[in-house]
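A short worksheet on the structure shown next.
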Amino acid sequence: MPAAAAAPAEVRIGVNNVVSDAPFFIANKKGYFTEQGIKVVFVPFDAGPKMIAPLGTGQLDVAAGAMSAGLYNAAARDINIKVVADKGSTPPQYDYMPILVRKALVDSGKVKSYKDLKGLKVAEAAKGGSPGSKLNEALKSGGLSYKDTEHEYIGYPQHVAALMNGAIDASVTTEPSATQAIERGAAVRLTNTDPYPNQQIAVLLYGGDFIKKQPQLAQKFMIAYLKGARFYNDALKDGKFAGPNAAEVIAILAADSNVKDPALYKKMTPNGIHPDGKINEASLARDYQFYKEQKYVDGSVKMEQVVDTSFVNAAVKALGPYQPKQ
């Protein structure tokens, strides 16, 4: 009698159901997790920082999070969580987290460049996140510091209304809210040049228990994740969803993410995800320095306490380097 196939191993993933969760949704729909003997359970959260505690206690195995001071503070408190791969970055043409300025301020000539943001109200999603570091880089290019603007902390979807009614003057806003604000005539991108190119904004996180107790499963998960990331990359072209896999990726995202309008995908700027999962450690170090300067981080943390590239390196070795689809 043939041996029964082993039951798939369950992996619990914390998600925000945002567009940059694409590799998870693709790997699930395309059967890449199944190939690795994995059954994924998506656990939705309304904010990335809420995933940190359950990831540290082993209630979640994997999470998708934005880089923030909170991750470094968790590491300083010996909460064992590791950044293991890229999940959202801004390579050239893929600035999915632009700095927007109210259109009226640009039309009137009051704001012509980043130096004109002095004293104005600028929105970010939360204190101590990568949008703050991006704003800081933009302000530095205009001879200003982070403290030269007023900061409002409101969720991305609320940025659109706040720009429309004049409650804020500018914002660091992710897609698709950025495209919606521009389409509605509320805001414009101040410049088409990214003030902080190749920023590491969102990351794949592994819980310490997952790494320690199930390293082989963690390795298999990474292979499926990278296959999803590569399929996603083949949907991108010239800063848009215009590559050979675009129609299929848009259909998957419209079904599984919180952005349901397929037409919106064709207008927005997609996030970058490195097809080999490579983490921009120089960007992490730069953002960490910003968090330290703003006193958002308690204590001192070394990068190796936070980053573990062993899984992604082994997955690239297993899969071979990325070859774009023609």
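Scheme for the structure tokens: letters A, B, ... for chains in order shown; per-chain residue numbers from 1; ligand numbers from 1 in order shown.
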Note to self: So that I can check the surroundings of segment 298-307 of chain A, please list as JSON, numbers by chain every protein, DNA and RNA residue that reaches within 12 Å of it, counting only C-alpha atoms and ignoring chain neighbours fewer than 5 positions away.
What the structure shows: {"A": [67, 68, 69, 70, 71, 72, 73, 74, 75, 76, 77, 78, 79, 80, 81, 82, 83, 84, 85, 86, 203, 204, 205, 206, 207, 208, 278, 279, 280, 281, 282, 283, 284, 285, 286, 287, 288, 289, 291, 292, 293, 312]}
Margin query: I need the residues in segment 28-181 of chain A that are strand (DSSP E or B) according to DSSP; give them as a ChimeraX atom specification.
Written below: /A:38-44,62-66,68,81-89,99-102,121-124,129,150-153,170-172
Item checked: Non-local contacts of Phe241 of chain A (9 Å; only C-alpha atoms; under 5 positions in same chain excluded) as a PyMOL selection string -> chain A and resi 235-236+246-247+249-250+265-270
Note to self: Residues near segment 228-231 of chain A, anyone? I mean within 7 Å using only C-alpha atoms, not counting same-chain ones fewer than 6 positions away, as a PyMOL selection string.
What the structure shows: chain A and resi 23-24+26-27+273+275
Output the selection as a tab-separated table (two decimals), in the first residue's frame - all heavy atoms for each residue.
```tsv
chain	number	residue	atom	x	y	z
A	23	PRO	N	3.83	39.03	-3.24
A	23	PRO	CA	4.48	37.71	-3.35
A	23	PRO	C	3.74	36.60	-2.59
A	23	PRO	O	3.71	35.46	-3.05
A	23	PRO	CB	5.88	37.93	-2.75
A	23	PRO	CG	6.13	39.39	-2.91
A	23	PRO	CD	4.79	40.04	-2.75
A	24	PHE	N	3.13	36.94	-1.45
A	24	PHE	CA	2.35	35.95	-0.70
A	24	PHE	C	1.15	35.47	-1.51
A	24	PHE	O	0.89	34.28	-1.64
A	24	PHE	CB	1.80	36.52	0.62
A	24	PHE	CG	2.83	37.02	1.58
A	24	PHE	CD1	2.63	38.22	2.24
A	24	PHE	CD2	3.98	36.30	1.85
A	24	PHE	CE1	3.56	38.69	3.15
A	24	PHE	CE2	4.92	36.76	2.76
A	24	PHE	CZ	4.72	37.96	3.41
A	26	ILE	N	0.55	35.79	-4.71
A	26	ILE	CA	0.95	35.10	-5.95
A	26	ILE	C	1.40	33.68	-5.64
A	26	ILE	O	0.96	32.72	-6.30
A	26	ILE	CB	2.07	35.89	-6.67
A	26	ILE	CG1	1.54	37.25	-7.18
A	26	ILE	CG2	2.65	35.08	-7.83
A	26	ILE	CD1	2.62	38.23	-7.60
A	27	ALA	N	2.27	33.52	-4.63
A	27	ALA	CA	2.80	32.19	-4.28
A	27	ALA	C	1.67	31.26	-3.86
A	27	ALA	O	1.71	30.05	-4.14
A	27	ALA	CB	3.84	32.31	-3.18
A	273	ILE	N	10.14	45.07	-5.61
A	273	ILE	CA	10.54	43.96	-4.73
A	273	ILE	C	11.72	43.29	-5.43
A	273	ILE	O	11.58	42.86	-6.58
A	273	ILE	CB	9.42	42.93	-4.50
A	273	ILE	CG1	8.22	43.55	-3.76
A	273	ILE	CG2	9.95	41.73	-3.68
A	273	ILE	CD1	7.06	42.60	-3.56
A	275	PRO	N	13.97	40.81	-7.04
A	275	PRO	CA	13.64	39.43	-7.45
A	275	PRO	C	14.49	38.36	-6.77
A	275	PRO	O	14.13	37.19	-6.77
A	275	PRO	CB	13.86	39.44	-8.96
A	275	PRO	CG	14.78	40.59	-9.21
A	275	PRO	CD	14.46	41.61	-8.18
```
Margin query: Env of segment 129-138 of chain A: 7 Å cut, atoms = only C-alpha atoms, seq-sep filter 2 positions within chain, self excluded. Answer as a PyMOL selection string.
Written below: chain A and resi 67-69+114+124+126-127+140-142+145-146+172+195-196+201+287+290
Which polymer residues have any atom within 7 Å of an atom of Pro98 of chain A, counting only C-alpha atoms, with same-chain residues fewer than 2 positions away left out, as a short mmCIF file (atom, residue, chain, number, x, y, z; two decimals) with N, CA, C and O atoms, in the first residue's frame?
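Saved file part_5.cif follows:
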```cif
data_model
loop_
_atom_site.label_atom_id
_atom_site.label_comp_id
_atom_site.auth_asym_id
_atom_site.auth_seq_id
_atom_site.Cartn_x
_atom_site.Cartn_y
_atom_site.Cartn_z
N ASP A 95 8.96 54.65 -7.33
CA ASP A 95 8.77 55.39 -6.07
C ASP A 95 7.29 55.34 -5.71
O ASP A 95 6.51 56.23 -6.05
N TYR A 96 6.91 54.27 -5.01
CA TYR A 96 5.49 54.06 -4.66
C TYR A 96 5.11 54.79 -3.38
O TYR A 96 3.98 54.70 -2.93
N LEU A 100 3.94 64.22 -1.65
CA LEU A 100 2.91 65.00 -2.34
C LEU A 100 2.76 66.36 -1.67
O LEU A 100 2.92 66.48 -0.46
N VAL A 172 3.70 62.21 2.92
CA VAL A 172 4.48 61.10 2.36
C VAL A 172 3.49 59.95 2.32
O VAL A 172 3.08 59.41 3.35
N THR A 173 3.04 59.60 1.11
CA THR A 173 1.87 58.74 0.94
C THR A 173 2.17 57.55 0.04
O THR A 173 2.78 57.74 -1.02
N THR A 174 1.76 56.37 0.44
CA THR A 174 1.97 55.19 -0.42
C THR A 174 0.83 55.05 -1.44
O THR A 174 -0.23 55.65 -1.30
N ARG A 189 2.97 65.50 -7.26
CA ARG A 189 4.32 65.14 -6.85
C ARG A 189 5.17 66.39 -7.04
O ARG A 189 5.14 66.98 -8.12
#
```
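Note that the spacing between atom CA of Val43 of chain A and atom CA of Ala178 of chain A amounts to 26.1 Å.
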Note to self: I'd like the interatomic distance between atom CA of Gln180 of chain A and atom CA of Leu163 of chain A, to a tenth of an Å.
What the structure shows: 10.9 Å
Margin query: Need the shell around Asn271 of chain A: protein/DNA/RNA residues with any atom at most 10 Å away, counting only C-alpha atoms. Skip same-chain ones fewer than 4 positions apart. Format as JSON, numbers by chain?
Written below: {"A": [19, 20, 22, 87, 88, 89, 90, 91, 93, 94, 95, 96, 97, 174, 175, 201, 202, 233, 236, 239, 240, 241]}
If you keep N, CA, C and O atoms, can you produce a file of those selected residues as a compact mmCIF listing (two decimals), in the first residue's frame?
```
# COMPACT_ATOMS: atom_id res chain seq x y z
N VAL A 19 -0.83 46.13 -1.44
CA VAL A 19 -0.30 45.69 -2.73
C VAL A 19 1.07 45.03 -2.58
O VAL A 19 1.37 44.05 -3.28
N SER A 20 1.89 45.52 -1.65
CA SER A 20 3.23 44.93 -1.51
C SER A 20 3.22 43.55 -0.84
O SER A 20 4.26 42.90 -0.72
N ALA A 22 2.01 41.27 -2.40
CA ALA A 22 1.86 40.51 -3.65
C ALA A 22 2.57 39.15 -3.67
O ALA A 22 1.94 38.16 -4.08
N LYS A 87 10.53 43.34 0.80
CA LYS A 87 9.11 43.19 0.47
C LYS A 87 8.55 44.46 -0.18
O LYS A 87 7.47 44.44 -0.76
N GLY A 88 9.30 45.55 -0.11
CA GLY A 88 8.84 46.79 -0.74
C GLY A 88 9.97 47.81 -0.72
O GLY A 88 10.42 48.22 0.34
N SER A 89 10.45 48.17 -1.91
CA SER A 89 11.55 49.13 -2.01
C SER A 89 11.31 50.04 -3.21
O SER A 89 10.36 49.85 -3.96
N THR A 90 12.18 51.03 -3.37
CA THR A 90 11.94 52.06 -4.39
C THR A 90 13.10 52.17 -5.38
O THR A 90 13.80 53.18 -5.41
N PRO A 91 13.30 51.12 -6.21
CA PRO A 91 14.30 51.25 -7.27
C PRO A 91 13.87 52.33 -8.26
O PRO A 91 12.72 52.78 -8.22
N GLN A 93 12.22 54.49 -10.96
CA GLN A 93 10.89 54.42 -11.60
C GLN A 93 9.81 53.83 -10.70
O GLN A 93 8.65 53.81 -11.07
N TYR A 94 10.19 53.31 -9.52
CA TYR A 94 9.20 52.63 -8.67
C TYR A 94 9.06 53.30 -7.30
O TYR A 94 9.03 52.64 -6.27
N ASP A 95 8.96 54.65 -7.33
CA ASP A 95 8.77 55.39 -6.07
C ASP A 95 7.29 55.34 -5.71
O ASP A 95 6.51 56.23 -6.05
N TYR A 96 6.91 54.27 -5.01
CA TYR A 96 5.49 54.06 -4.66
C TYR A 96 5.11 54.79 -3.38
O TYR A 96 3.98 54.70 -2.93
N MET A 97 6.06 55.54 -2.79
CA MET A 97 5.78 56.32 -1.58
C MET A 97 6.28 57.75 -1.81
O MET A 97 7.25 58.19 -1.22
N THR A 174 1.76 56.37 0.44
CA THR A 174 1.97 55.19 -0.42
C THR A 174 0.83 55.05 -1.44
O THR A 174 -0.23 55.65 -1.30
N GLU A 175 1.10 54.23 -2.44
CA GLU A 175 0.06 53.86 -3.41
C GLU A 175 -0.93 52.89 -2.75
O GLU A 175 -0.55 52.15 -1.86
N ILE A 201 11.65 50.00 2.35
CA ILE A 201 10.44 50.45 3.06
C ILE A 201 9.75 49.31 3.80
O ILE A 201 9.44 49.42 4.97
N ALA A 202 9.48 48.22 3.08
CA ALA A 202 8.78 47.08 3.69
C ALA A 202 9.66 45.84 3.60
O ALA A 202 10.46 45.70 2.68
N ASN A 233 7.79 40.57 -10.39
CA ASN A 233 8.71 41.40 -11.17
C ASN A 233 8.43 41.31 -12.67
O ASN A 233 8.62 42.29 -13.39
N LEU A 236 6.11 43.94 -14.08
CA LEU A 236 6.53 45.34 -14.06
C LEU A 236 7.28 45.72 -15.33
O LEU A 236 8.06 44.95 -15.87
N GLY A 239 8.12 51.40 -14.79
CA GLY A 239 7.47 52.06 -13.66
C GLY A 239 5.98 51.82 -13.54
O GLY A 239 5.29 52.53 -12.81
N LYS A 240 5.48 50.81 -14.26
CA LYS A 240 4.04 50.52 -14.23
C LYS A 240 3.81 49.00 -14.18
O LYS A 240 4.72 48.22 -14.41
N PHE A 241 2.55 48.60 -13.94
CA PHE A 241 2.15 47.22 -14.14
C PHE A 241 1.93 47.04 -15.64
O PHE A 241 0.82 47.18 -16.14
```
Notebook entry, point to check: If you measure from atom CA of Gly31 of chain A to atom CA of Tyr232 of chain A, what distance in Å do you get, rounded to one decimal?
Noted result: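 That distance, rounded to one decimal, is 14.3 Å.
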Note to self: Using only C-alpha atoms for the distances, tell me which of A:Leu120, A:Leu217, A:Ala318, A:Met51 is nearest to Leu139 of chain A.
What the structure shows: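 Closest to Leu139 of chain A of all the choices is A:Leu120.
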Next item on the list: Would you mind writing down, as an MDAnalysis selection string, each residue of segment 104-316 of chain A that DSSP on the backbone assigns to alpha helix (DSSP H)?
Entry: chainID A and resid 104:107 130:141 156:164 177:183 208:213 215:233 246:256 262:267 281:293 310:316
For the residues in that selection, give me C-alpha atoms as a CSV table (one decimal), in the first residue's frame.
```csv
chain,number,residue,atom,x,y,z
A,104,ALA,CA,-3.0,74.9,-4.6
A,105,LEU,CA,0.3,75.6,-2.9
A,106,VAL,CA,2.3,74.6,-6.0
A,107,ASP,CA,-0.1,76.5,-8.4
A,130,SER,CA,10.4,54.9,6.9
A,131,PRO,CA,8.2,57.8,5.6
A,132,GLY,CA,9.8,60.1,8.2
A,133,SER,CA,13.3,59.2,7.1
A,134,LYS,CA,12.3,59.8,3.4
A,135,LEU,CA,10.9,63.3,4.4
A,136,ASN,CA,14.1,63.9,6.3
A,137,GLU,CA,16.2,63.2,3.2
A,138,ALA,CA,14.0,65.5,1.1
A,139,LEU,CA,14.2,68.3,3.7
A,140,LYS,CA,18.0,67.9,3.9
A,141,SER,CA,18.2,68.4,0.1
A,156,TYR,CA,-2.6,56.8,4.3
A,157,PRO,CA,-6.3,56.6,3.0
A,158,GLN,CA,-7.0,59.7,5.2
A,159,HIS,CA,-4.2,61.6,3.5
A,160,VAL,CA,-6.3,62.1,0.4
A,161,ALA,CA,-9.2,63.8,2.2
A,162,ALA,CA,-6.8,65.9,4.3
A,163,LEU,CA,-5.0,67.1,1.2
A,164,MET,CA,-8.4,67.9,-0.4
A,177,SER,CA,-3.6,56.7,-2.1
A,178,ALA,CA,-0.9,58.8,-3.9
A,179,THR,CA,-2.5,58.2,-7.3
A,180,GLN,CA,-6.0,58.9,-5.9
A,181,ALA,CA,-4.9,62.2,-4.4
A,182,ILE,CA,-3.3,63.3,-7.7
A,183,GLU,CA,-6.3,62.1,-9.8
A,208,GLY,CA,12.6,33.7,16.2
A,209,ASP,CA,10.7,30.5,17.0
A,210,PHE,CA,10.1,29.8,13.2
A,211,ILE,CA,13.9,30.2,12.5
A,212,LYS,CA,15.0,28.1,15.5
A,213,LYS,CA,12.4,25.4,15.6
A,215,PRO,CA,14.6,26.1,9.9
A,216,GLN,CA,13.8,23.7,7.0
A,217,LEU,CA,10.2,25.0,6.8
A,218,ALA,CA,11.5,28.6,6.9
A,219,GLN,CA,13.8,27.7,4.0
A,220,LYS,CA,11.0,26.2,1.9
A,221,PHE,CA,8.8,29.2,2.6
A,222,MET,CA,11.6,31.5,1.3
A,223,ILE,CA,11.8,29.5,-2.0
A,224,ALA,CA,8.0,29.9,-2.5
A,225,TYR,CA,8.2,33.6,-1.5
A,226,LEU,CA,11.0,34.3,-4.0
A,227,LYS,CA,9.1,32.6,-6.8
A,228,GLY,CA,6.2,34.9,-6.0
A,229,ALA,CA,8.5,37.9,-6.0
A,230,ARG,CA,9.9,36.9,-9.4
A,231,PHE,CA,6.5,36.4,-10.9
A,232,TYR,CA,5.6,39.9,-9.6
A,233,ASN,CA,8.7,41.4,-11.2
A,246,ALA,CA,0.7,42.2,-15.5
A,247,ALA,CA,-2.9,41.0,-16.2
A,248,GLU,CA,-2.5,37.9,-14.0
A,249,VAL,CA,-0.8,39.8,-11.1
A,250,ILE,CA,-3.5,42.6,-11.2
A,251,ALA,CA,-6.2,39.9,-11.1
A,252,ILE,CA,-4.6,38.2,-8.1
A,253,LEU,CA,-4.1,41.5,-6.3
A,254,ALA,CA,-7.7,42.7,-7.0
A,255,ALA,CA,-9.0,39.4,-5.6
A,256,ASP,CA,-6.7,39.2,-2.5
A,262,PRO,CA,-8.2,46.8,-11.6
A,263,ALA,CA,-8.1,50.1,-13.4
A,264,LEU,CA,-6.3,51.7,-10.5
A,265,TYR,CA,-3.4,49.3,-10.9
A,266,LYS,CA,-2.7,50.5,-14.4
A,267,LYS,CA,-2.4,54.1,-13.2
A,281,GLU,CA,21.2,47.3,4.4
A,282,ALA,CA,22.7,50.7,3.7
A,283,SER,CA,19.1,52.1,3.6
A,284,LEU,CA,18.3,50.3,6.9
A,285,ALA,CA,21.4,51.8,8.5
A,286,ARG,CA,20.5,55.3,7.2
A,287,ASP,CA,16.9,55.0,8.6
A,288,TYR,CA,18.2,53.7,11.9
A,289,GLN,CA,20.4,56.7,12.2
A,290,PHE,CA,17.4,59.0,11.6
A,291,TYR,CA,15.4,57.1,14.3
A,292,LYS,CA,18.3,57.5,16.7
A,293,GLU,CA,18.6,61.3,16.0
A,310,SER,CA,20.9,33.3,5.3
A,311,PHE,CA,17.4,32.1,4.1
A,312,VAL,CA,17.3,34.4,1.1
A,313,ASN,CA,20.9,33.6,0.1
A,314,ALA,CA,20.1,29.8,0.2
A,315,ALA,CA,16.9,30.3,-1.8
A,316,VAL,CA,18.7,32.2,-4.5
```
